[in-house]
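**Q** Handing you this structure, nothing more for now.
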Amino acid sequence: MREPGFWHGPASLNAHLLKPLAALYGAIAAKRLRRKGLNAGIPVLCVGNYHVGGAGKTPTVLALAKLLRELGETPVVLSRGYGGKLRGPVKVDPSRHAASDVGDEPLMLAGTLPVVVSRKRAEGVPLARAHGATVILMDDGFQSPAVVKDASLIVIDSERGLGNGRVFPAGPLRAPLRPQLARTDALIIVGNGGAAAPVAASDFASATPSMTMRDASLTTAGL
């Protein structure tokens, strides 16, 4: 999806005209966040973001997987397989699956660690456990209530931030910011820019640990 320019600019007529649709979309998304999901029976760490589009989730998943392995855990990634045709649940096999089957990012991750693709995330949990998972790393899915999360780590691109801060389609946010912040356990800020600073400094995020990531390594701040 190509993002419209007004999502990342000052207040605009386009964003204003889309406010009613954004209010409806935001109300539905906020209600969905409150739904109960499946308890996986093992820890579930979700790496997500507040907005549509990329923000550095995949490098963050790789960095977290490395840390977990160093702690003696066996992480398995759970993904919807965006961009792939297989609904799953299926364990990604780079020797026989293509990006058109499972999506670009799951295929890339599968070169390093086990990855399960499942359109319905809850249905992928048993397969992840069958492959020895002691921890499930959810690549995206922060706004999905399908699986109970033990911790949600939100990635923000320090150069892009959250754009105009409005909910889709008036802006890039997948849901209103406040209920998303309330479910956030840590912010991971990628890069050296300042666009994410207002979010990290907000009242709702003031008690949330923040981390910065550079060169696929995590450093902590505020912990």
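All residue names refer to the structure tokens as shown: chains lettered A, B, ... in order, residues numbered from 1 in each chain, ligands numbered from 1 in order.
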For the structure I just gave you, how does DSSP split range 58-219 of chain A - specifically, which residues are helix (DSSP H, G or I)? Reply as a VMD selection string.

**A** chain A and resid 58 to 70 99 to 102 104 to 109 121 to 130 177 to 182 197 to 200 203 to 205

**Q** Restricting it to N, CA and C atoms, dump the selection as a compact mmCIF listing (two decimals), in the first residue's frame.

**A**
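Dumped everything to selection-v6.txt:
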```txt
# COMPACT_ATOMS: atom_id res chain seq x y z
N THR A 58 10.79 -6.55 11.61
CA THR A 58 11.52 -7.78 11.32
C THR A 58 12.93 -7.76 11.92
N PRO A 59 13.72 -6.69 11.77
CA PRO A 59 15.02 -6.68 12.45
C PRO A 59 14.89 -6.78 13.97
N THR A 60 13.80 -6.22 14.51
CA THR A 60 13.58 -6.31 15.95
C THR A 60 13.30 -7.74 16.37
N VAL A 61 12.50 -8.46 15.58
CA VAL A 61 12.23 -9.87 15.86
C VAL A 61 13.53 -10.67 15.86
N LEU A 62 14.39 -10.41 14.89
CA LEU A 62 15.67 -11.12 14.82
C LEU A 62 16.54 -10.82 16.03
N ALA A 63 16.57 -9.55 16.45
CA ALA A 63 17.37 -9.17 17.61
C ALA A 63 16.83 -9.82 18.88
N LEU A 64 15.51 -9.85 19.03
CA LEU A 64 14.91 -10.48 20.21
C LEU A 64 15.14 -11.99 20.21
N ALA A 65 15.03 -12.60 19.04
CA ALA A 65 15.28 -14.04 18.94
C ALA A 65 16.70 -14.37 19.38
N LYS A 66 17.65 -13.54 18.98
CA LYS A 66 19.04 -13.76 19.37
C LYS A 66 19.19 -13.67 20.90
N LEU A 67 18.56 -12.67 21.50
CA LEU A 67 18.63 -12.52 22.95
C LEU A 67 18.00 -13.71 23.66
N LEU A 68 16.84 -14.16 23.16
CA LEU A 68 16.15 -15.29 23.78
C LEU A 68 16.98 -16.56 23.68
N ARG A 69 17.61 -16.78 22.54
CA ARG A 69 18.44 -17.96 22.39
C ARG A 69 19.63 -17.94 23.34
N GLU A 70 20.18 -16.76 23.54
CA GLU A 70 21.30 -16.63 24.48
C GLU A 70 20.86 -16.95 25.90
N ALA A 99 8.26 -16.59 -1.57
CA ALA A 99 7.59 -15.44 -0.97
C ALA A 99 6.12 -15.38 -1.35
N SER A 100 5.79 -15.86 -2.55
CA SER A 100 4.40 -15.87 -2.98
C SER A 100 3.56 -16.86 -2.17
N ASP A 101 4.22 -17.81 -1.50
CA ASP A 101 3.51 -18.78 -0.66
C ASP A 101 3.28 -18.24 0.75
N VAL A 102 4.33 -17.68 1.34
CA VAL A 102 4.29 -17.36 2.77
C VAL A 102 4.56 -15.89 3.09
N ASP A 104 7.15 -12.27 2.09
CA ASP A 104 8.59 -11.93 2.07
C ASP A 104 9.25 -12.07 3.44
N GLU A 105 8.65 -11.44 4.44
CA GLU A 105 9.30 -11.39 5.75
C GLU A 105 9.36 -12.75 6.43
N PRO A 106 8.27 -13.54 6.44
CA PRO A 106 8.39 -14.88 7.03
C PRO A 106 9.46 -15.74 6.34
N LEU A 107 9.55 -15.61 5.01
CA LEU A 107 10.56 -16.40 4.29
C LEU A 107 11.97 -15.97 4.70
N MET A 108 12.18 -14.68 4.85
CA MET A 108 13.49 -14.19 5.27
C MET A 108 13.82 -14.65 6.68
N LEU A 109 12.85 -14.53 7.59
CA LEU A 109 13.07 -14.94 8.98
C LEU A 109 13.35 -16.43 9.08
N ARG A 121 -4.15 -16.57 13.64
CA ARG A 121 -2.96 -16.74 14.47
C ARG A 121 -3.16 -17.81 15.56
N ALA A 122 -4.33 -17.86 16.15
CA ALA A 122 -4.58 -18.84 17.22
C ALA A 122 -4.38 -20.27 16.72
N GLU A 123 -4.69 -20.52 15.45
CA GLU A 123 -4.53 -21.86 14.91
C GLU A 123 -3.07 -22.21 14.68
N GLY A 124 -2.20 -21.22 14.65
CA GLY A 124 -0.77 -21.47 14.48
C GLY A 124 -0.04 -21.79 15.77
N VAL A 125 -0.68 -21.51 16.91
CA VAL A 125 -0.02 -21.74 18.21
C VAL A 125 0.33 -23.20 18.43
N PRO A 126 -0.59 -24.16 18.24
CA PRO A 126 -0.22 -25.57 18.46
C PRO A 126 0.94 -26.03 17.58
N LEU A 127 1.01 -25.54 16.35
CA LEU A 127 2.11 -25.93 15.47
C LEU A 127 3.43 -25.36 15.96
N ALA A 128 3.40 -24.13 16.44
CA ALA A 128 4.62 -23.53 17.00
C ALA A 128 5.11 -24.34 18.20
N ARG A 129 4.18 -24.74 19.05
CA ARG A 129 4.56 -25.54 20.22
C ARG A 129 5.06 -26.93 19.80
N ALA A 130 4.46 -27.48 18.75
CA ALA A 130 4.89 -28.79 18.27
C ALA A 130 6.32 -28.77 17.76
N LEU A 177 -4.63 6.17 19.47
CA LEU A 177 -3.33 6.00 20.12
C LEU A 177 -3.45 5.63 21.59
N ARG A 178 -4.37 6.25 22.33
CA ARG A 178 -4.44 6.02 23.77
C ARG A 178 -4.66 4.56 24.13
N PRO A 179 -5.68 3.88 23.58
CA PRO A 179 -5.84 2.46 23.93
C PRO A 179 -4.67 1.59 23.47
N GLN A 180 -3.97 2.01 22.43
CA GLN A 180 -2.78 1.26 22.01
C GLN A 180 -1.65 1.45 23.02
N LEU A 181 -1.46 2.68 23.46
CA LEU A 181 -0.43 2.94 24.46
C LEU A 181 -0.70 2.18 25.76
N ALA A 182 -1.99 2.08 26.12
CA ALA A 182 -2.35 1.41 27.37
C ALA A 182 -1.99 -0.08 27.34
N ALA A 197 10.05 11.06 19.54
CA ALA A 197 10.20 11.64 20.87
C ALA A 197 8.87 12.06 21.50
N PRO A 198 7.94 12.69 20.76
CA PRO A 198 6.67 13.08 21.40
C PRO A 198 5.89 11.90 21.95
N VAL A 199 5.95 10.75 21.28
CA VAL A 199 5.24 9.57 21.77
C VAL A 199 5.89 9.06 23.04
N ALA A 200 7.22 8.94 23.03
CA ALA A 200 7.94 8.43 24.19
C ALA A 200 7.78 9.34 25.40
N ASP A 203 2.25 11.43 28.37
CA ASP A 203 1.85 10.99 29.71
C ASP A 203 1.55 9.50 29.74
N PHE A 204 0.92 8.98 28.69
CA PHE A 204 0.55 7.57 28.66
C PHE A 204 1.76 6.67 28.53
N ALA A 205 2.84 7.19 27.93
CA ALA A 205 4.02 6.36 27.72
C ALA A 205 5.12 6.64 28.75
```

**Q** Can you check which residues of range 2-223 of chain A DSSP gives as strand (DSSP E or B) on the backbone and send them as a ChimeraX atom specification?

**A** /A:38,44-48,51,75-79,90-91,115-117,135-139,147,151-157,167,173,186-190,210-214,217-221

**Q** With N, CA and C atoms retained, export the selected residues as a compact mmCIF listing (two decimals), in the first residue's frame.

**A**
```
# COMPACT_ATOMS: atom_id res chain seq x y z
N LEU A 38 -6.87 -16.47 22.77
CA LEU A 38 -6.37 -17.77 23.21
C LEU A 38 -5.14 -17.60 24.08
N VAL A 44 4.18 -15.31 25.17
CA VAL A 44 3.99 -14.74 23.83
C VAL A 44 4.47 -13.30 23.86
N LEU A 45 5.46 -13.00 23.04
CA LEU A 45 5.97 -11.64 22.89
C LEU A 45 5.56 -11.13 21.52
N CYS A 46 4.87 -10.02 21.50
CA CYS A 46 4.39 -9.45 20.23
C CYS A 46 5.25 -8.25 19.85
N VAL A 47 5.74 -8.26 18.63
CA VAL A 47 6.47 -7.11 18.08
C VAL A 47 5.56 -6.47 17.05
N GLY A 48 5.08 -5.28 17.34
CA GLY A 48 4.12 -4.64 16.45
C GLY A 48 4.40 -3.17 16.27
N HIS A 51 0.91 1.83 13.55
CA HIS A 51 0.43 2.35 12.28
C HIS A 51 0.57 1.32 11.17
N PRO A 75 12.75 -19.72 20.61
CA PRO A 75 11.69 -18.89 20.05
C PRO A 75 11.23 -19.41 18.70
N VAL A 76 9.92 -19.34 18.47
CA VAL A 76 9.33 -19.63 17.17
C VAL A 76 8.48 -18.44 16.78
N VAL A 77 8.66 -17.97 15.56
CA VAL A 77 7.91 -16.80 15.08
C VAL A 77 6.54 -17.24 14.59
N LEU A 78 5.52 -16.46 14.92
CA LEU A 78 4.17 -16.67 14.43
C LEU A 78 3.76 -15.45 13.61
N SER A 79 3.39 -15.69 12.35
CA SER A 79 3.07 -14.60 11.42
C SER A 79 1.82 -14.95 10.62
N VAL A 90 1.22 -23.50 8.70
CA VAL A 90 2.29 -24.22 8.05
C VAL A 90 3.63 -23.68 8.55
N LYS A 91 4.59 -24.59 8.76
CA LYS A 91 5.95 -24.17 9.11
C LYS A 91 6.68 -23.81 7.82
N VAL A 115 9.64 -20.51 11.74
CA VAL A 115 8.54 -19.58 11.50
C VAL A 115 7.30 -20.36 11.14
N VAL A 116 6.19 -20.05 11.79
CA VAL A 116 4.89 -20.62 11.48
C VAL A 116 4.01 -19.54 10.90
N VAL A 117 3.41 -19.81 9.76
CA VAL A 117 2.49 -18.88 9.11
C VAL A 117 1.07 -19.41 9.28
N VAL A 135 8.97 -19.96 23.62
CA VAL A 135 8.48 -18.59 23.53
C VAL A 135 7.97 -18.39 22.11
N ILE A 136 6.81 -17.76 21.96
CA ILE A 136 6.31 -17.39 20.64
C ILE A 136 6.58 -15.91 20.41
N LEU A 137 7.20 -15.61 19.29
CA LEU A 137 7.43 -14.23 18.87
C LEU A 137 6.42 -13.90 17.78
N MET A 138 5.47 -13.06 18.07
CA MET A 138 4.49 -12.65 17.07
C MET A 138 5.06 -11.50 16.25
N ASP A 139 5.20 -11.73 14.95
CA ASP A 139 5.66 -10.68 14.04
C ASP A 139 4.42 -9.94 13.55
N VAL A 147 -4.64 -13.96 20.10
CA VAL A 147 -3.76 -14.66 21.03
C VAL A 147 -3.40 -13.73 22.17
N ALA A 151 3.68 -9.81 26.58
CA ALA A 151 4.32 -8.51 26.45
C ALA A 151 4.19 -8.03 25.02
N SER A 152 3.91 -6.75 24.86
CA SER A 152 3.80 -6.14 23.54
C SER A 152 4.87 -5.07 23.39
N LEU A 153 5.74 -5.26 22.42
CA LEU A 153 6.86 -4.36 22.16
C LEU A 153 6.57 -3.61 20.87
N ILE A 154 6.46 -2.30 20.95
CA ILE A 154 6.04 -1.50 19.81
C ILE A 154 7.23 -0.79 19.18
N VAL A 155 7.37 -1.00 17.88
CA VAL A 155 8.49 -0.42 17.14
C VAL A 155 8.04 0.88 16.47
N ILE A 156 8.84 1.93 16.62
CA ILE A 156 8.57 3.21 15.98
C ILE A 156 9.81 3.66 15.23
N ASP A 157 9.65 3.99 13.97
CA ASP A 157 10.73 4.55 13.16
C ASP A 157 10.98 5.98 13.62
N VAL A 167 -6.15 8.50 12.90
CA VAL A 167 -6.51 7.11 12.61
C VAL A 167 -6.85 6.95 11.14
N LEU A 173 -2.55 5.66 11.69
CA LEU A 173 -2.75 4.84 12.88
C LEU A 173 -3.78 3.74 12.64
N ALA A 186 6.60 -1.94 26.09
CA ALA A 186 7.88 -1.27 25.82
C ALA A 186 7.84 -0.65 24.43
N LEU A 187 8.49 0.48 24.29
CA LEU A 187 8.66 1.13 23.00
C LEU A 187 10.08 0.85 22.50
N ILE A 188 10.19 0.47 21.24
CA ILE A 188 11.49 0.26 20.62
C ILE A 188 11.62 1.29 19.50
N ILE A 189 12.54 2.21 19.66
CA ILE A 189 12.72 3.31 18.71
C ILE A 189 13.91 2.98 17.82
N VAL A 190 13.65 2.91 16.52
CA VAL A 190 14.68 2.50 15.57
C VAL A 190 15.32 3.74 14.95
N SER A 210 11.61 2.29 27.36
CA SER A 210 11.92 2.53 25.95
C SER A 210 13.29 1.97 25.63
N MET A 211 13.48 1.59 24.37
CA MET A 211 14.74 1.05 23.90
C MET A 211 15.06 1.68 22.55
N THR A 212 16.29 1.73 22.23
CA THR A 212 16.69 2.17 20.89
C THR A 212 17.37 1.01 20.20
N MET A 213 17.23 0.95 18.88
CA MET A 213 17.85 -0.12 18.12
C MET A 213 18.67 0.47 17.00
N ARG A 214 19.92 0.07 16.94
CA ARG A 214 20.82 0.49 15.89
C ARG A 214 21.62 -0.72 15.45
N SER A 217 20.89 -4.22 16.91
CA SER A 217 21.14 -4.54 18.31
C SER A 217 20.30 -3.60 19.16
N LEU A 218 19.87 -4.11 20.32
CA LEU A 218 19.00 -3.35 21.18
C LEU A 218 19.79 -2.76 22.34
N THR A 219 19.54 -1.49 22.66
CA THR A 219 20.06 -0.88 23.86
C THR A 219 18.86 -0.32 24.62
N THR A 220 18.91 -0.39 25.94
CA THR A 220 17.76 0.01 26.72
C THR A 220 17.94 1.40 27.31
N ALA A 221 16.78 2.05 27.50
CA ALA A 221 16.76 3.35 28.18
C ALA A 221 15.50 3.40 29.00
```

**Q** At a cut-off of 9 Å, using only C-alpha atoms, what residues contact Arg119 in chain A? Leave out same-chain residues fewer than 6 positions from it and give the result as a PyMOL selection string.

**A** chain A and resi 79-82+86-89

**Q** Work out how far apart CA of Phe142 in chain A and CA of Phe168 in chain A are and give it in Å to one decimal.

**A**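 About the pair CA of Phe142 in chain A and CA of Phe168 in chain A: they are 15.9 Å apart.
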
**Q** In Å, how far is it from CA of Glu73 in chain A to CA of Thr184 in chain A?

**A** 22.9 Å

**Q** Would you tabulate, counting only C-alpha atoms, all residues of range 77-177 of chain A that have an atom at most 12 Å from an atom of range 22-34 of chain A, showing the closest pair of atoms and their distance in Å to one decimal, sorted by chain then ascending number, as CSV?

**A**
```
residue,atom,partner,partner_atom,distance
A:Gly141,CA,A:Leu33,CA,10.8
A:Phe142,CA,A:Leu33,CA,8.7
A:Gln143,CA,A:Leu33,CA,6.0
A:Ser144,CA,A:Leu33,CA,6.7
A:Pro145,CA,A:Leu33,CA,5.9
A:Ala146,CA,A:Leu33,CA,9.7
A:Val147,CA,A:Leu33,CA,11.3
A:Val148,CA,A:Leu33,CA,11.0
A:Lys149,CA,A:Leu33,CA,11.7
A:Gly165,CA,A:Ala22,CA,11.4
A:Arg166,CA,A:Ala22,CA,7.7
A:Val167,CA,A:Ala22,CA,5.4
A:Phe168,CA,A:Ala22,CA,5.5
A:Pro169,CA,A:Ala22,CA,5.7
A:Ala170,CA,A:Ala22,CA,5.8
A:Gly171,CA,A:Ala22,CA,8.1
A:Pro172,CA,A:Ala22,CA,10.2
A:Leu173,CA,A:Gly26,CA,8.8
A:Arg174,CA,A:Ala29,CA,7.4
A:Ala175,CA,A:Gly26,CA,5.0
A:Pro176,CA,A:Gly26,CA,5.6
A:Leu177,CA,A:Ala30,CA,9.4
```

**Q** Rounded to one decimal in Å, what is the spacing between CA of Asp150 in chain A and CA of Ala55 in chain A?

**A**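 CA of Ala55 in chain A lies 21.5 Å from CA of Asp150 in chain A.
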